[in-house]
Amino acid sequence: MHIAPPRVKIGLIMLALFGALQIAGDKDTKETKKPPAIDLPAADGGANAKWLSKMDDEDRKSLAEKLGKPIAPASSKVEWIGGDAPTSFTNCVTVIQSALDKSTGLNASEKLKKDLPPDVKFVVIMSTADAEKTKKQLEKRAPLLIALDPEGAWSALLGLPKKPTNIVVDKGGNIRFAGLTPSGMKRACAFLLTEKIAPSDAGASVGGSAAGTAAAAPTTFPTFSNPVDAAKDRRGQRMIALAPQEWITTQPAVDKKLLVIDFWATWCGPCVASIPHMNEISKKFAENVVCIGISDETKSAFDTGLGKAKLKIGSFNYSLALDPEHKLKDFFEVKGIPSCAVVSSDGIVRWQGHPMTLDDATMMQLVAAQKALSSAAK
């Protein structure tokens with residue numbers, strides 16, 4: 001019988017101990033790096049990576065921009081087939097699945113719905129260039145609640161790409177997850193159904209009725225993460241008093257309304273190009289919004305600039321003011337125009353950016369929040 005020398009024994013014991021420590025270390029490392037369970041969201045609250053479907057980077061980016069925001073209400077042009085329009089997207093979990101304008105797309109949606117928990121509301125949104133033809137086809141067979149979306153206007157507001165995909169709306173009426181696989185959608189919905197929210201967490205997201213009427217108003221303003229270029233980010237801060245040096249038009253009454261301020265000048269080409277968009281915002285949301293264009297030009301320079309730009313006061317559907325001392329412009333530290341800011345009636349800056357990026361979806365969210373604020377103040 002061979003007996004190992006003492007040195008060899010000690011070496012074997014040390015090797016065994018090192019091996020045990022290494023295994024324990026590997027175990028600890030694996031536990032700390034252990035991914036979240038497949039039935040749970042990621043650590044940051046976003047979608048579990050295993051829930052996501054494969055899609056183009058641009059499509060994924062479009063969807064990501066809507067995450068965490070209240071769902072935009074459907075417009076009056078949307079026609080509902082196979083059931084009544086939702087009166088609200090709050091206090092429930094809803095899946096909105098886009099489908100191709102074909103029967104095969106509807107078959108796929110039916111299959112998806114069957115795999116979801118029974119308490120989940122399911123809406124199929126179909127974009128079409130020929131609404132009447134598609135409507136006739138769907139009325140013959142509409143096993144699901146279908147939102148017929150002419151020209152894809154609502155789909156665009158929701159950030160849905162042309163290819164079939166989905167968004168999941170939580171009980172607060174906010175778009176929580178998007179672009180999920182069937183399995184991921186099932187798990188996301190199961191998770192959201194167990195989630196409890198306080199009444200104040202219910203967002204501005206409500207579905208448009210057949211007449212496009214919003215049902216419930218939010219109790220808090222939505223927040224936005226878009227970068228603010230060429231200006232100081234003042235979102236969430238109280239604005240200084242609106243006191244331009246001179247009003248070109250009649251001074252508007254802004255009490256209990258949302259204020260949209262456009263910093264511009266007559267010599268600025270991009271500013272002039274933004275006028276039609278500002279006119280549209282002013283006209284579309286006239287009941288709840290006051291738009292004001294503020295230039296830091298002198299009156300003589302402004303009048304001369306109008307002529308050179310071939311503009312008249314009648315070219316504007318909103319109010320105009322001059323502020324050569326640029327007090328408000330300095331408050332926002334505007335270094336490039338056009339630059340736009342949206343302020344609620346309590347004086348808090350809610351949104352900033354280029355006026356052309358102030359779209360209907362954003363305005364609808366802000367208007368709904370302003371309505372709630374005005375109602376609460378009564």
# chains A, B, ... in the order shown; residues from 1 in each chain; ligands from 1
>>> select_by_dssp(residues="segment 137-303 of chain A", states="strand (DSSP E)", output="PyMOL selection string")
chain A and resi 145-150+166-169+175-178+246-247+258-263+289-295
>>> residues_around(residues="Asn226 of chain A", least_positions_apart="6", cutoff="10 Å", atoms="only C-alpha atoms", output="PyMOL selection string")
chain A and resi 65+351-353+357
>>> atom_distance(atom1="atom CA of Lys50 of chain A", atom2="atom CA of Lys186 of chain A")
12.0 Å
>>> atom_distance(atom1="atom CA of Gly347 of chain A", atom2="atom CA of Lys335 of chain A")
22.3 Å
>>> closest_residue(among="A:Leu180, A:Val254, A:Leu100, A:Val272", to="Gly46 of chain A", atoms="only C-alpha atoms")
A:Leu180
>>> select_by_dssp(residues="segment 84-262 of chain A", states="helix (DSSP H, G or I)", output="mmCIF file with C-alpha atoms, in the first residue's frame")
data_model
loop_
_atom_site.group_PDB
_atom_site.id
_atom_site.type_symbol
_atom_site.label_atom_id
_atom_site.label_comp_id
_atom_site.auth_asym_id
_atom_site.auth_seq_id
_atom_site.Cartn_x
_atom_site.Cartn_y
_atom_site.Cartn_z
ATOM 1 C CA SER A 103 -58.987 37.461 -43.087
ATOM 2 C CA THR A 104 -55.690 35.743 -42.257
ATOM 3 C CA GLY A 105 -54.759 38.646 -40.009
ATOM 4 C CA LEU A 106 -58.053 38.303 -38.169
ATOM 5 C CA ASN A 107 -57.543 34.554 -37.750
ATOM 6 C CA ALA A 108 -54.169 35.193 -36.115
ATOM 7 C CA SER A 109 -55.762 37.725 -33.752
ATOM 8 C CA GLU A 110 -58.459 35.217 -32.755
ATOM 9 C CA LYS A 111 -55.786 32.707 -31.850
ATOM 10 C CA LEU A 112 -53.935 35.299 -29.767
ATOM 11 C CA LYS A 113 -57.052 36.237 -27.813
ATOM 12 C CA LYS A 114 -57.814 32.612 -26.901
ATOM 13 C CA ALA A 131 -62.827 51.800 -45.170
ATOM 14 C CA GLU A 132 -66.191 51.088 -46.787
ATOM 15 C CA LYS A 133 -65.014 47.924 -48.532
ATOM 16 C CA THR A 134 -63.274 46.617 -45.419
ATOM 17 C CA LYS A 135 -66.288 47.459 -43.269
ATOM 18 C CA LYS A 136 -68.600 45.392 -45.456
ATOM 19 C CA GLN A 137 -66.216 42.451 -45.282
ATOM 20 C CA LEU A 138 -65.855 42.660 -41.506
ATOM 21 C CA GLU A 139 -69.564 43.028 -40.826
ATOM 22 C CA LYS A 140 -70.079 39.576 -42.318
ATOM 23 C CA ALA A 153 -54.433 57.743 -38.055
ATOM 24 C CA TRP A 154 -54.988 56.089 -34.669
ATOM 25 C CA SER A 155 -52.327 53.454 -35.372
ATOM 26 C CA ALA A 156 -49.812 56.237 -35.995
ATOM 27 C CA LEU A 157 -50.695 57.932 -32.694
ATOM 28 C CA LEU A 158 -50.122 54.629 -30.916
ATOM 29 C CA PRO A 182 -47.854 35.576 -28.033
ATOM 30 C CA SER A 183 -46.180 33.948 -25.039
ATOM 31 C CA GLY A 184 -44.810 37.279 -23.813
ATOM 32 C CA MET A 185 -48.201 38.910 -24.207
ATOM 33 C CA LYS A 186 -49.828 36.195 -22.100
ATOM 34 C CA ARG A 187 -47.248 36.615 -19.326
ATOM 35 C CA ALA A 188 -47.365 40.414 -19.419
ATOM 36 C CA CYS A 189 -51.156 40.422 -19.098
ATOM 37 C CA ALA A 190 -51.087 37.903 -16.239
ATOM 38 C CA PHE A 191 -48.614 40.138 -14.405
ATOM 39 C CA LEU A 192 -50.619 43.336 -14.973
ATOM 40 C CA LEU A 193 -53.860 41.707 -13.808
ATOM 41 C CA THR A 194 -52.309 41.141 -10.378
ATOM 42 C CA PRO A 199 -57.111 55.810 -8.020
ATOM 43 C CA SER A 200 -54.680 58.680 -8.677
ATOM 44 C CA ASP A 201 -52.526 56.395 -10.834
#
>>> residues_around(residues="Ile125 of chain A", least_positions_apart="5", cutoff="6 Å", atoms="only C-alpha atoms", output="PyMOL selection string")
chain A and resi 98+146-147
>>> atom_distance(atom1="atom CA of Val169 of chain A", atom2="atom CA of Ala42 of chain A")
16.9 Å
>>> closest_residue(among="A:Thr223, A:Pro355, A:Ala142, A:Lys196", to="Ala273 of chain A", atoms="only C-alpha atoms")
A:Pro355
>>> residues_around(residues="Ile275 of chain A", least_positions_apart="3", cutoff="10 Å", atoms="only C-alpha atoms", output="list in words")
Asp262, Trp264, Pro270, Cys271, Val272, Met278, Asn279, Glu280, Ile281, Gly293, Ser315, Phe316, Asn317, Tyr318, Pro355 and Met356 of chain A
>>> closest_atom_pairs(of="segment 258-277 of chain A", to="segment 364-372 of chain A", cutoff="12 Å", atoms="only C-alpha atoms", output="tab-separated table")
residue	atom	partner	partner_atom	distance
A:Leu258	CA	A:Gln370	CA	6.4
A:Leu259	CA	A:Gln370	CA	10.0
A:Val260	CA	A:Leu366	CA	10.7
>>> write_last_selection(atoms="N, CA and C atoms", output="CSV table (one decimal), in the first residue's frame")
chain,number,residue,atom,x,y,z
A,258,LEU,N,-54.8,75.5,-21.4
A,258,LEU,CA,-53.4,75.1,-21.7
A,258,LEU,C,-52.8,76.2,-22.5
A,259,LEU,N,-51.6,76.6,-22.2
A,259,LEU,CA,-50.9,77.7,-22.9
A,259,LEU,C,-49.7,77.1,-23.8
A,260,VAL,N,-49.8,77.3,-25.1
A,260,VAL,CA,-48.8,76.9,-26.0
A,260,VAL,C,-48.0,78.1,-26.5
